[in-house]
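**Student:** Next comes the structure file target_24.pdb, holding PDB, C-alpha atoms and all ligand atoms.
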```pdb
ATOM      1  CA  MET A   1      76.406  74.387 103.274
ATOM      2  CA  ALA A   2      78.916  77.154 103.868
ATOM      3  CA  GLN A   3      79.071  79.231 107.027
ATOM      4  CA  LEU A   4      78.947  82.996 106.667
ATOM      5  CA  LEU A   5      81.890  85.364 106.955
ATOM      6  CA  ASP A   6      79.679  87.890 108.717
ATOM      7  CA  GLY A   7      80.846  91.410 107.895
ATOM      8  CA  LYS A   8      78.205  93.073 110.051
ATOM      9  CA  ALA A   9      79.325  91.173 113.166
ATOM     10  CA  VAL A  10      83.001  91.990 112.493
ATOM     11  CA  ALA A  11      82.108  95.655 111.849
ATOM     12  CA  LYS A  12      80.373  95.864 115.223
ATOM     13  CA  VAL A  13      83.515  94.729 117.063
ATOM     14  CA  LEU A  14      85.712  97.004 114.946
ATOM     15  CA  LYS A  15      83.513 100.033 115.640
ATOM     16  CA  GLU A  16      83.691  99.409 119.379
ATOM     17  CA  GLU A  17      87.508  99.318 119.183
ATOM     18  CA  ILE A  18      87.521 102.574 117.198
ATOM     19  CA  ARG A  19      85.078 104.232 119.599
ATOM     20  CA  GLU A  20      87.314 103.232 122.520
ATOM     21  CA  GLU A  21      90.423 104.651 120.844
ATOM     22  CA  ILE A  22      88.629 107.916 120.024
ATOM     23  CA  THR A  23      87.645 108.216 123.698
ATOM     24  CA  GLN A  24      91.274 107.694 124.694
ATOM     25  CA  TRP A  25      92.404 110.464 122.315
ATOM     26  CA  LYS A  26      89.673 112.781 123.596
ATOM     27  CA  ASN A  27      90.812 112.135 127.161
ATOM     28  CA  LYS A  28      94.273 113.293 126.081
ATOM     29  CA  GLY A  29      92.768 116.475 124.583
ATOM     30  CA  LEU A  30      92.674 115.501 120.910
ATOM     31  CA  GLN A  31      89.455 115.306 118.897
ATOM     32  CA  PRO A  32      90.073 113.019 115.870
ATOM     33  CA  LYS A  33      88.662 114.570 112.712
ATOM     34  CA  LEU A  34      88.005 113.443 109.146
ATOM     35  CA  ALA A  35      87.620 115.968 106.306
ATOM     36  CA  VAL A  36      85.955 114.925 103.059
ATOM     37  CA  ILE A  37      86.131 116.932  99.836
ATOM     38  CA  LEU A  38      83.276 116.480  97.389
ATOM     39  CA  VAL A  39      83.790 118.101  93.997
ATOM     40  CA  GLY A  40      80.578 118.190  91.964
ATOM     41  CA  ASP A  41      77.378 116.308  92.713
ATOM     42  CA  ASP A  42      77.918 112.720  91.543
ATOM     43  CA  PRO A  43      74.949 110.992  93.285
ATOM     44  CA  ALA A  44      76.928 107.973  94.542
ATOM     45  CA  SER A  45      79.674 110.251  95.923
ATOM     46  CA  VAL A  46      77.095 112.357  97.768
ATOM     47  CA  VAL A  47      75.716 109.170  99.362
ATOM     48  CA  TYR A  48      79.217 107.914 100.307
ATOM     49  CA  ALA A  49      80.178 111.290 101.819
ATOM     50  CA  HIS A  50      77.024 111.402 103.919
ATOM     51  CA  SER A  51      77.426 107.813 105.072
ATOM     52  CA  LYS A  52      80.918 108.700 106.330
ATOM     53  CA  GLN A  53      79.460 111.713 108.118
ATOM     54  CA  LYS A  54      76.846 109.486 109.786
ATOM     55  CA  ALA A  55      79.495 106.930 110.782
ATOM     56  CA  CYS A  56      81.694 109.661 112.287
ATOM     57  CA  GLU A  57      78.813 111.166 114.226
ATOM     58  CA  GLY A  58      77.834 107.738 115.541
ATOM     59  CA  ILE A  59      81.306 106.978 116.820
ATOM     60  CA  GLY A  60      82.462 110.320 118.223
ATOM     61  CA  MET A  61      84.774 111.410 115.411
ATOM     62  CA  ALA A  62      84.541 114.998 114.147
ATOM     63  CA  PHE A  63      83.647 115.382 110.478
ATOM     64  CA  GLU A  64      83.641 118.229 107.995
ATOM     65  CA  LEU A  65      82.395 118.077 104.421
ATOM     66  CA  PHE A  66      83.807 120.521 101.879
ATOM     67  CA  VAL A  67      81.519 120.737  98.862
ATOM     68  CA  MET A  68      83.065 122.316  95.766
ATOM     69  CA  SER A  69      81.222 123.025  92.532
ATOM     70  CA  ALA A  70      81.736 120.766  89.504
ATOM     71  CA  ASP A  71      83.359 123.643  87.599
ATOM     72  CA  SER A  72      86.042 124.208  90.253
ATOM     73  CA  LEU A  73      89.549 124.569  88.881
ATOM     74  CA  GLU A  74      92.171 121.954  89.688
ATOM     75  CA  THR A  75      94.209 124.672  91.414
ATOM     76  CA  GLU A  76      91.244 125.478  93.675
ATOM     77  CA  VAL A  77      90.934 121.839  94.738
ATOM     78  CA  LEU A  78      94.702 121.692  95.342
ATOM     79  CA  GLU A  79      94.483 124.835  97.491
ATOM     80  CA  ARG A  80      91.681 123.294  99.553
ATOM     81  CA  ILE A  81      93.773 120.134 100.070
ATOM     82  CA  GLU A  82      96.817 122.152 101.089
ATOM     83  CA  GLY A  83      94.730 124.043 103.651
ATOM     84  CA  LEU A  84      93.601 120.741 105.165
ATOM     85  CA  ASN A  85      97.144 119.308 105.003
ATOM     86  CA  GLN A  86      98.245 122.176 107.245
ATOM     87  CA  ASP A  87      95.220 122.202 109.529
ATOM     88  CA  THR A  88      96.381 120.580 112.773
ATOM     89  CA  GLU A  89      92.768 119.847 113.737
ATOM     90  CA  VAL A  90      92.267 117.619 110.679
ATOM     91  CA  HIS A  91      93.805 114.130 110.893
ATOM     92  CA  GLY A  92      92.383 112.447 107.791
ATOM     93  CA  ILE A  93      91.520 113.743 104.323
ATOM     94  CA  MET A  94      89.467 111.949 101.710
ATOM     95  CA  ILE A  95      88.522 113.110  98.219
ATOM     96  CA  GLU A  96      85.406 111.491  96.823
ATOM     97  CA  LEU A  97      85.810 109.970  93.356
ATOM     98  CA  PRO A  98      85.086 110.366  90.509
ATOM     99  CA  LEU A  99      86.345 113.907  90.001
ATOM    100  CA  PRO A 100      84.832 116.147  87.301
ATOM    101  CA  LYS A 101      86.492 116.347  83.895
ATOM    102  CA  GLY A 102      89.514 118.618  83.809
ATOM    103  CA  ILE A 103      90.709 117.663  87.302
ATOM    104  CA  ARG A 104      93.504 115.111  87.197
ATOM    105  CA  LYS A 105      92.955 112.337  89.718
ATOM    106  CA  GLU A 106      96.664 111.492  90.024
ATOM    107  CA  LYS A 107      97.563 115.115  90.743
ATOM    108  CA  ILE A 108      94.878 115.364  93.446
ATOM    109  CA  MET A 109      95.799 112.042  95.085
ATOM    110  CA  ALA A 110      99.461 112.978  95.265
ATOM    111  CA  ALA A 111      98.610 116.334  96.902
ATOM    112  CA  VAL A 112      97.194 114.879 100.118
ATOM    113  CA  ARG A 113      99.732 114.573 102.942
ATOM    114  CA  PRO A 114     100.621 110.846 103.012
ATOM    115  CA  ASP A 115      99.995 110.605 106.764
ATOM    116  CA  LYS A 116      96.481 112.083 106.284
ATOM    117  CA  ASP A 117      95.736 110.005 103.173
ATOM    118  CA  VAL A 118      93.024 107.787 104.706
ATOM    119  CA  ASP A 119      92.092 106.391 101.290
ATOM    120  CA  GLY A 120      95.626 104.976 100.886
ATOM    121  CA  VAL A 121      96.035 106.328  97.368
ATOM    122  CA  HIS A 122      99.128 108.538  97.679
ATOM    123  CA  PRO A 123     102.100 107.112  95.710
ATOM    124  CA  LEU A 124     104.114 106.906  98.934
ATOM    125  CA  ASN A 125     101.474 104.767 100.646
ATOM    126  CA  ARG A 126     101.229 102.583  97.556
ATOM    127  CA  GLY A 127     104.982 102.102  97.802
ATOM    128  CA  TYR A 128     104.788 101.297 101.514
ATOM    129  CA  ILE A 129     102.232  98.526 100.946
ATOM    130  CA  LEU A 130     104.462  97.015  98.260
ATOM    131  CA  SER A 131     107.600  97.136 100.397
ATOM    132  CA  GLY A 132     105.843  95.845 103.508
ATOM    133  CA  GLN A 133     106.358  99.097 105.452
ATOM    134  CA  ASP A 134     103.729 100.737 107.610
ATOM    135  CA  GLY A 135     101.472 103.355 106.033
ATOM    136  CA  LEU A 136      97.853 104.116 105.251
ATOM    137  CA  PHE A 137      96.282 101.474 103.029
ATOM    138  CA  PRO A 138      92.954 101.348 101.142
ATOM    139  CA  ALA A 139      89.917 100.237 103.124
ATOM    140  CA  THR A 140      88.519  97.460 100.908
ATOM    141  CA  PRO A 141      91.609  95.204 100.796
ATOM    142  CA  GLN A 142      91.879  95.740 104.556
ATOM    143  CA  SER A 143      88.207  94.697 104.856
ATOM    144  CA  CYS A 144      89.005  91.400 103.111
ATOM    145  CA  MET A 145      91.896  90.806 105.525
ATOM    146  CA  GLU A 146      89.887  91.712 108.638
ATOM    147  CA  LEU A 147      87.049  89.442 107.570
ATOM    148  CA  LEU A 148      89.424  86.492 107.174
ATOM    149  CA  LEU A 149      91.564  87.103 110.239
ATOM    150  CA  ARG A 150      88.789  87.987 112.666
ATOM    151  CA  CYS A 151      86.801  84.935 111.561
ATOM    152  CA  GLY A 152      89.811  82.806 112.504
ATOM    153  CA  VAL A 153      90.947  81.834 108.995
ATOM    154  CA  GLU A 154      94.573  80.665 108.864
ATOM    155  CA  ILE A 155      96.197  82.348 105.832
ATOM    156  CA  ALA A 156      99.818  81.187 106.098
ATOM    157  CA  GLY A 157     100.691  78.361 103.726
ATOM    158  CA  LYS A 158      97.381  78.599 101.869
ATOM    159  CA  HIS A 159      96.948  79.115  98.139
ATOM    160  CA  VAL A 160      95.079  82.410  97.785
ATOM    161  CA  VAL A 161      93.644  83.208  94.355
ATOM    162  CA  ILE A 162      92.623  86.839  93.813
ATOM    163  CA  VAL A 163      90.418  87.644  90.828
ATOM    164  CA  GLY A 164      90.829  91.313  89.811
ATOM    165  CA  ARG A 165      93.962  93.463  89.658
ATOM    166  CA  GLY A 166      92.243  96.831  90.158
ATOM    167  CA  GLU A 167      94.178  99.618  91.904
ATOM    168  CA  THR A 168      91.604  99.875  94.709
ATOM    169  CA  VAL A 169      91.151  96.247  95.718
ATOM    170  CA  GLY A 170      92.963  93.418  93.903
ATOM    171  CA  LYS A 171      96.439  94.869  93.504
ATOM    172  CA  PRO A 172      96.974  96.194  97.053
ATOM    173  CA  LEU A 173      95.455  93.000  98.455
ATOM    174  CA  VAL A 174      98.241  90.901  96.906
ATOM    175  CA  PHE A 175     100.782  92.516  99.233
ATOM    176  CA  LEU A 176      98.622  92.308 102.371
ATOM    177  CA  ILE A 177      98.103  88.585 101.719
ATOM    178  CA  LEU A 178     101.796  87.977 100.938
ATOM    179  CA  LYS A 179     102.684  89.490 104.314
ATOM    180  CA  HIS A 180     100.747  86.604 105.851
ATOM    181  CA  ASN A 181     102.884  84.033 104.029
ATOM    182  CA  ALA A 182     100.303  82.678 101.630
ATOM    183  CA  THR A 183     101.042  81.711  98.034
ATOM    184  CA  VAL A 184      99.205  84.160  95.800
ATOM    185  CA  THR A 185      97.842  83.818  92.273
ATOM    186  CA  ILE A 186      96.247  86.871  90.687
ATOM    187  CA  CYS A 187      93.792  86.590  87.780
ATOM    188  CA  HIS A 188      92.262  89.279  85.549
ATOM    189  CA  SER A 189      90.246  89.788  82.377
ATOM    190  CA  GLN A 190      93.047  88.356  80.208
ATOM    191  CA  THR A 191      93.399  85.146  82.241
ATOM    192  CA  PRO A 192      92.440  82.232  79.970
ATOM    193  CA  ASP A 193      90.242  79.600  81.630
ATOM    194  CA  LEU A 194      89.601  81.484  84.864
ATOM    195  CA  GLY A 195      87.976  78.453  86.481
ATOM    196  CA  ALA A 196      91.180  76.414  86.149
ATOM    197  CA  PHE A 197      92.799  78.894  88.562
ATOM    198  CA  THR A 198      89.902  79.673  90.907
ATOM    199  CA  SER A 199      89.216  75.967  91.461
ATOM    200  CA  GLN A 200      92.740  75.583  92.927
ATOM    201  CA  ALA A 201      92.143  78.196  95.621
ATOM    202  CA  ASP A 202      92.073  77.388  99.309
ATOM    203  CA  ILE A 203      91.006  81.017  99.725
ATOM    204  CA  LEU A 204      89.327  82.742  96.765
ATOM    205  CA  ILE A 205      88.956  86.535  96.828
ATOM    206  CA  VAL A 206      86.990  88.185  94.037
ATOM    207  CA  ALA A 207      87.083  91.920  93.211
ATOM    208  CA  VAL A 208      85.939  92.318  89.638
ATOM    209  CA  GLY A 209      82.595  94.089  89.288
ATOM    210  CA  ARG A 210      80.773  91.403  87.234
ATOM    211  CA  ALA A 211      77.589  90.068  88.833
ATOM    212  CA  LYS A 212      77.780  86.356  89.722
ATOM    213  CA  LEU A 213      80.931  85.750  87.639
ATOM    214  CA  ILE A 214      82.122  82.936  89.928
ATOM    215  CA  LYS A 215      79.980  79.824  89.663
ATOM    216  CA  LYS A 216      79.893  76.668  91.784
ATOM    217  CA  ASP A 217      82.021  74.635  89.322
ATOM    218  CA  MET A 218      84.828  77.225  89.625
ATOM    219  CA  VAL A 219      85.246  76.687  93.380
ATOM    220  CA  LYS A 220      87.009  73.849  95.222
ATOM    221  CA  ALA A 221      84.967  71.967  97.824
ATOM    222  CA  GLY A 222      85.752  73.409 101.266
ATOM    223  CA  ALA A 223      87.227  76.662  99.933
ATOM    224  CA  ILE A 224      86.907  80.002 101.710
ATOM    225  CA  VAL A 225      85.309  82.615  99.458
ATOM    226  CA  VAL A 226      85.499  86.382  99.960
ATOM    227  CA  ASP A 227      83.404  88.508  97.619
ATOM    228  CA  ALA A 228      84.413  92.180  97.368
ATOM    229  CA  GLY A 229      82.246  92.878  94.318
ATOM    230  CA  ILE A 230      79.344  95.278  94.361
ATOM    231  CA  ASN A 231      76.978  95.123  91.394
ATOM    232  CA  GLU A 232      73.662  96.880  91.064
ATOM    233  CA  ILE A 233      70.843  94.567  90.041
ATOM    234  CA  PRO A 234      67.103  95.165  89.966
ATOM    235  CA  GLY A 235      65.988  95.432  93.585
ATOM    236  CA  GLY A 236      69.410  95.777  95.183
ATOM    237  CA  ILE A 237      73.040  94.717  94.924
ATOM    238  CA  CYS A 238      74.873  91.436  94.476
ATOM    239  CA  GLY A 239      78.491  90.331  94.483
ATOM    240  CA  ASP A 240      80.820  88.802  91.902
ATOM    241  CA  VAL A 241      80.128  85.323  93.298
ATOM    242  CA  ASP A 242      76.969  83.359  92.551
ATOM    243  CA  PHE A 243      76.243  83.087  96.272
ATOM    244  CA  ASP A 244      73.294  80.675  96.113
ATOM    245  CA  THR A 245      75.200  77.928  94.305
ATOM    246  CA  VAL A 246      78.747  78.571  95.587
ATOM    247  CA  GLN A 247      77.583  78.315  99.217
ATOM    248  CA  GLU A 248      76.776  74.665  98.463
ATOM    249  CA  VAL A 249      80.492  73.843  98.030
ATOM    250  CA  ALA A 250      82.405  76.484 100.034
ATOM    251  CA  ALA A 251      83.250  76.096 103.725
ATOM    252  CA  LEU A 252      83.005  79.837 104.430
ATOM    253  CA  ILE A 253      81.603  82.597 102.234
ATOM    254  CA  SER A 254      81.021  86.340 102.582
ATOM    255  CA  PRO A 255      77.602  87.601 101.485
ATOM    256  CA  VAL A 256      76.821  90.761  99.495
ATOM    257  CA  PRO A 257      75.454  92.821 101.134
ATOM    258  CA  GLY A 258      76.651  92.042 104.664
ATOM    259  CA  GLY A 259      80.252  91.041 103.933
ATOM    260  CA  VAL A 260      83.302  93.033 102.819
ATOM    261  CA  GLY A 261      81.334  96.261 102.237
ATOM    262  CA  SER A 262      80.083  96.325 105.835
ATOM    263  CA  LEU A 263      83.601  96.998 107.093
ATOM    264  CA  THR A 264      84.935  99.617 104.699
ATOM    265  CA  THR A 265      83.666 102.806 106.359
ATOM    266  CA  ALA A 266      84.916 101.631 109.756
ATOM    267  CA  LEU A 267      88.320 100.954 108.219
ATOM    268  CA  VAL A 268      88.505 104.479 106.780
ATOM    269  CA  LEU A 269      87.864 105.770 110.316
ATOM    270  CA  ARG A 270      90.512 103.420 111.694
ATOM    271  CA  ASN A 271      92.893 104.908 109.122
ATOM    272  CA  VAL A 272      92.200 108.361 110.614
ATOM    273  CA  LEU A 273      93.409 107.031 113.975
ATOM    274  CA  LYS A 274      96.414 105.334 112.382
ATOM    275  CA  GLY A 275      97.166 108.651 110.668
ATOM    276  CA  ILE A 276      97.258 110.390 114.050
ATOM    277  CA  ALA A 277      99.902 107.915 115.176
ATOM    278  CA  LEU A 278     101.878 108.366 111.946
ATOM    279  CA  GLN A 279     101.657 112.140 112.318
ATOM    280  CA  GLY A 280     103.497 111.632 115.587
ATOM    281  CA  ARG A 281     100.842 113.433 117.607
ATOM    282  CA  THR A 282     101.521 113.183 121.309
ATOM    283  CA  TYR A 283      98.846 114.780 123.424
TER     284      TYR A 283
HETATM  285  P1  LIG B   1      88.519  97.710  88.627
HETATM  286  O1  LIG B   1      89.601  98.659  88.917
HETATM  287  O2  LIG B   1      87.596  97.962  87.485
HETATM  288  O3  LIG B   1      89.183  96.270  88.431
HETATM  289  C1  LIG B   1      88.431  95.181  88.022
HETATM  290  C2  LIG B   1      89.338  94.018  87.788
HETATM  291  O4  LIG B   1      88.568  92.915  87.377
HETATM  292  C3  LIG B   1      90.381  94.274  86.677
HETATM  293  O5  LIG B   1      91.634  93.812  87.090
HETATM  294  C4  LIG B   1      89.853  93.457  85.498
HETATM  295  O6  LIG B   1      90.857  92.939  84.675
HETATM  296  C5  LIG B   1      89.158  92.325  86.221
HETATM  297  N1  LIG B   1      88.137  91.692  85.387
HETATM  298  C6  LIG B   1      87.174  92.280  84.655
HETATM  299  N2  LIG B   1      86.426  91.354  84.027
HETATM  300  C7  LIG B   1      86.938  90.156  84.356
HETATM  301  C8  LIG B   1      86.593  88.826  84.038
HETATM  302  N3  LIG B   1      85.570  88.545  83.220
HETATM  303  N4  LIG B   1      87.347  87.835  84.552
HETATM  304  C9  LIG B   1      88.383  88.105  85.374
HETATM  305  N5  LIG B   1      88.741  89.349  85.735
HETATM  306  C10 LIG B   1      88.029  90.362  85.235
HETATM  307  O7  LIG B   1      87.567  97.516  89.889
HETATM  308  P2  LIG B   1      87.898  97.749  91.468
HETATM  309  O8  LIG B   1      87.828  99.184  91.764
HETATM  310  O9  LIG B   1      89.102  96.972  91.831
HETATM  311  O10 LIG B   1      86.602  97.086  92.096
HETATM  312  C11 LIG B   1      86.336  95.720  91.926
HETATM  313  C12 LIG B   1      84.990  95.386  92.550
HETATM  314  O11 LIG B   1      85.038  95.695  93.931
HETATM  315  C13 LIG B   1      83.806  96.203  91.987
HETATM  316  O12 LIG B   1      82.648  95.408  92.005
HETATM  317  C14 LIG B   1      83.632  97.314  92.998
HETATM  318  O13 LIG B   1      82.307  97.803  93.046
HETATM  319  C15 LIG B   1      83.980  96.573  94.253
HETATM  320  N6  LIG B   1      84.398  97.453  95.349
HETATM  321  C16 LIG B   1      83.851  97.205  96.538
HETATM  322  C17 LIG B   1      84.162  97.997  97.628
HETATM  323  C18 LIG B   1      83.547  97.674  98.948
HETATM  324  O14 LIG B   1      83.497  98.506  99.825
HETATM  325  N7  LIG B   1      83.092  96.425  99.140
HETATM  326  C19 LIG B   1      85.045  99.066  97.457
HETATM  327  C20 LIG B   1      85.651  99.272  96.233
HETATM  328  C21 LIG B   1      85.317  98.454  95.162
HETATM  329  P3  LIG B   1      91.845  93.880  83.797
HETATM  330  O15 LIG B   1      92.813  94.452  84.773
HETATM  331  O16 LIG B   1      92.462  92.936  82.854
HETATM  332  O17 LIG B   1      90.973  94.920  83.174
END
```
Show me this structure written as structure tokens.
Ligand code: NAP
**Tutor:**
Amino acid sequence: MAQLLDGKAVAKVLKEEIREEITQWKNKGLQPKLAVILVGDDPASVVYAHSKQKACEGIGMAFELFVMSADSLETEVLERIEGLNQDTEVHGIMIELPLPKGIRKEKIMAAVRPDKDVDGVHPLNRGYILSGQDGLFPATPQSCMELLLRCGVEIAGKHVVIVGRGETVGKPLVFLILKHNATVTICHSQTPDLGAFTSQADILIVAVGRAKLIKKDMVKAGAIVVDAGINEIPGGICGDVDFDTVQEVAALISPVPGGVGSLTTALVLRNVLKGIALQGRTY
């Protein structure tokens, strides 16, 4: 039976580190602050924005939510972003997705100052992750890495198979894993015979968005399995891995909920602190 990659336990340690760093900044006279822009009233986005607010309040980070109506013009959203780009009291900016029709996501993402782009979506940050330079990177691929590294998993020399090449999780993760000297295979919806690839993985990371896609017979005995998927099912959520059966063969496995998703908000807040460093603030 597999042991758990316990996201909640890792998140607790991470939050303490963040709290400590915030205290250090406050002692130097700087109050770290995250600004979130919410355009429209998409129910999931409202929940995500408020959960970030709660996390900030719980950890000593300042937070401000800017709610804009669904019929806002793109130029109005861009003006709001520019105001926050220039506001020296704001260190991280996040725009909740999806955006209403008529507002171009790419245009909005490219408008945020790269060193305040705590979602890691600015083209410059996407380039930095690819070239191995330092920048602000998306939270979920970082969550996968933190879960592995903080649970003592050796990545170097391993065969890591990633299922999913999405812009938010799978694709950026390739470069974070490569930096740790693993051999990486990436699979997607056009991969024929998915199981032939996943069953070769020493470390299998799944970020697809299909409930219980990965079955026991697709996983090598003793593999380490990280499940980034979030799928709504009656009565709750489940991952992309059929947890109940895969745990019978894996050595380590992350649950959903309680795995990758438990770390993501903390990692957005850590990005705010990294942004302060990148902004060259010296207080
Ligand atoms: P995405 O952009 O839609 O990408 C999904 C990927 O899965 C695509 O590359 C797609 O292939 C691939 N795929 C779809 N069906 C497949 C199949 N049957 N076999 C193999 N590959 C398949 O999604 P995402 O934004 O990366 O998110 C992926 C998952 O992570 C979702 O469940 C999402 O909810 C979750 N997520 C979790 C967190 C968190 O905090 N834990 C945060 C963000 C996202 P193609 O490229 O060929 O279409």
**Student:** Is it possible to get the axis-aligned box enclosing ligand LIG 1 (chain B) (all listed atoms, 8 Å extra per side) as JSON, with centre and edge lengths in Å rounded to one decimal?
**Tutor:**
```
{"center_x": 87.6, "center_y": 93.6, "center_z": 91.3, "size_x": 26.5, "size_y": 27.4, "size_z": 33.0}
```
**Student:** Any idea what's packed within 8 Å of range 41-52 of chain A, counting all atoms listed in the file, ignoring anything in its chain fewer than 4 positions away? Could you give it as a PyMOL selection string?
**Tutor:** chain A and resi 36+56+65+69-70+96-98+265
**Student:** Counting all atoms listed in the file, which protein, DNA or RNA residues come within 6 Å of ligand LIG 1 (chain B), given as a list in words?
**Tutor:**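 The residues near ligand LIG 1 (chain B) are Thr140, Val163, Gly164, Arg165, Gly166, Glu167, Thr168, Val169, Gly170, His188, Ser189, Gln190, Ala207, Val208, Gly209, Ala228, Gly229, Ile230, Asn231, Val260, Gly261 and Thr264 of chain A.
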**Student:** Would you kindly translate the PyMOL selection byres (((chain A and resi 258) around 12) and not hetatm) into the concrete residues it picks from this file, as a PDB file with C-alpha atoms, in the frame of the given file?
**Tutor:**
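So part-v4.pdb came out as:
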```
ATOM      1  CA  LEU A   4      78.947  82.996 106.667  1.00  0.00           C
ATOM      2  CA  LEU A   5      81.890  85.364 106.955  1.00  0.00           C
ATOM      3  CA  ASP A   6      79.679  87.890 108.717  1.00  0.00           C
ATOM      4  CA  GLY A   7      80.846  91.410 107.895  1.00  0.00           C
ATOM      5  CA  LYS A   8      78.205  93.073 110.051  1.00  0.00           C
ATOM      6  CA  ALA A   9      79.325  91.173 113.166  1.00  0.00           C
ATOM      7  CA  VAL A  10      83.001  91.990 112.493  1.00  0.00           C
ATOM      8  CA  ALA A  11      82.108  95.655 111.849  1.00  0.00           C
ATOM      9  CA  LYS A  12      80.373  95.864 115.223  1.00  0.00           C
ATOM     10  CA  SER A 143      88.207  94.697 104.856  1.00  0.00           C
ATOM     11  CA  LEU A 147      87.049  89.442 107.570  1.00  0.00           C
ATOM     12  CA  VAL A 226      85.499  86.382  99.960  1.00  0.00           C
ATOM     13  CA  ASP A 227      83.404  88.508  97.619  1.00  0.00           C
ATOM     14  CA  ALA A 228      84.413  92.180  97.368  1.00  0.00           C
ATOM     15  CA  GLY A 229      82.246  92.878  94.318  1.00  0.00           C
ATOM     16  CA  ILE A 230      79.344  95.278  94.361  1.00  0.00           C
ATOM     17  CA  ILE A 237      73.040  94.717  94.924  1.00  0.00           C
ATOM     18  CA  CYS A 238      74.873  91.436  94.476  1.00  0.00           C
ATOM     19  CA  GLY A 239      78.491  90.331  94.483  1.00  0.00           C
ATOM     20  CA  ILE A 253      81.603  82.597 102.234  1.00  0.00           C
ATOM     21  CA  SER A 254      81.021  86.340 102.582  1.00  0.00           C
ATOM     22  CA  PRO A 255      77.602  87.601 101.485  1.00  0.00           C
ATOM     23  CA  VAL A 256      76.821  90.761  99.495  1.00  0.00           C
ATOM     24  CA  PRO A 257      75.454  92.821 101.134  1.00  0.00           C
ATOM     25  CA  GLY A 259      80.252  91.041 103.933  1.00  0.00           C
ATOM     26  CA  VAL A 260      83.302  93.033 102.819  1.00  0.00           C
ATOM     27  CA  GLY A 261      81.334  96.261 102.237  1.00  0.00           C
ATOM     28  CA  SER A 262      80.083  96.325 105.835  1.00  0.00           C
ATOM     29  CA  LEU A 263      83.601  96.998 107.093  1.00  0.00           C
ATOM     30  CA  THR A 264      84.935  99.617 104.699  1.00  0.00           C
TER      31      THR A 264
END
```
**Student:** Choose the residue, out of A:Arg150, A:Lys215, A:Arg19, A:Lys179, that has the smallest atom-to-atom separation from Leu194 in chain A; count all atoms listed in the file.
**Tutor:** A:Lys215
**Student:** Let me make sure I understand: among A:Cys144, A:Leu176, A:Met94, A:Leu213, which one has the smallest atom-to-atom distance to Tyr128 in chain A if we use all atoms listed in the file?
**Tutor:**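 Comparing A:Cys144, A:Leu176, A:Met94, A:Leu213 against Tyr128 in chain A, the winner is A:Leu176.
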**Student:** Near range 76-84 of chain A, within 12 Å and counting all atoms listed in the file, which residues show up once chain neighbours fewer than 2 positions away are dropped, as a short mmCIF file (atom, residue, chain, number, x, y, z; two decimals) with C-alpha atoms, in the frame of the given file?
**Tutor:**
```cif
data_model
loop_
_atom_site.label_atom_id
_atom_site.label_comp_id
_atom_site.auth_asym_id
_atom_site.auth_seq_id
_atom_site.Cartn_x
_atom_site.Cartn_y
_atom_site.Cartn_z
CA LYS A 33 88.66 114.57 112.71
CA LEU A 34 88.00 113.44 109.15
CA ALA A 35 87.62 115.97 106.31
CA VAL A 36 85.96 114.92 103.06
CA ILE A 37 86.13 116.93 99.84
CA LEU A 38 83.28 116.48 97.39
CA VAL A 39 83.79 118.10 94.00
CA GLY A 40 80.58 118.19 91.96
CA GLU A 64 83.64 118.23 108.00
CA LEU A 65 82.40 118.08 104.42
CA PHE A 66 83.81 120.52 101.88
CA VAL A 67 81.52 120.74 98.86
CA MET A 68 83.06 122.32 95.77
CA SER A 69 81.22 123.02 92.53
CA ALA A 70 81.74 120.77 89.50
CA ASP A 71 83.36 123.64 87.60
CA SER A 72 86.04 124.21 90.25
CA LEU A 73 89.55 124.57 88.88
CA GLU A 74 92.17 121.95 89.69
CA GLN A 86 98.24 122.18 107.24
CA ASP A 87 95.22 122.20 109.53
CA THR A 88 96.38 120.58 112.77
CA GLU A 89 92.77 119.85 113.74
CA VAL A 90 92.27 117.62 110.68
CA HIS A 91 93.80 114.13 110.89
CA GLY A 92 92.38 112.45 107.79
CA ILE A 93 91.52 113.74 104.32
CA MET A 94 89.47 111.95 101.71
CA ILE A 95 88.52 113.11 98.22
CA GLU A 96 85.41 111.49 96.82
CA LEU A 99 86.34 113.91 90.00
CA PRO A 100 84.83 116.15 87.30
CA GLY A 102 89.51 118.62 83.81
CA ILE A 103 90.71 117.66 87.30
CA ARG A 104 93.50 115.11 87.20
CA LYS A 105 92.96 112.34 89.72
CA GLU A 106 96.66 111.49 90.02
CA LYS A 107 97.56 115.12 90.74
CA ILE A 108 94.88 115.36 93.45
CA MET A 109 95.80 112.04 95.08
CA ALA A 110 99.46 112.98 95.26
CA ALA A 111 98.61 116.33 96.90
CA VAL A 112 97.19 114.88 100.12
CA ARG A 113 99.73 114.57 102.94
CA PRO A 114 100.62 110.85 103.01
CA LYS A 116 96.48 112.08 106.28
CA ASP A 117 95.74 110.00 103.17
#
```
**Student:** Apply the PyMOL selection byres (((chain A and resi 134-137) around 6) and not hetatm) to the structure shown and report the selected residues as a list in words.
**Tutor:** Gly120, Asn125, Tyr128, Gln133 and Pro138 of chain A
**Student:** Please indicate the distance in Å from CA of Pro172 in chain A to CA of Glu248 in chain A, rounded to one decimal place.
**Tutor:**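 That distance, rounded to one decimal, is 29.6 Å.
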**Student:** When you look at Asp242 in chain A with a cut-off of 6 Å (counting only C-alpha atoms), what residues show up, excluding the ones that are within fewer than 3 positions of it in the same chain? I need them as a PyMOL selection string.
**Tutor:** chain A and resi 212+214-215+245-246
**Student:** Please report the interatomic distance between CA of Gln279 in chain A and CA of Gly29 in chain A in Å with one decimal.
**Tutor:**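 Answer for the CA of Gln279 in chain A to CA of Gly29 in chain A separation: 15.8 Å.
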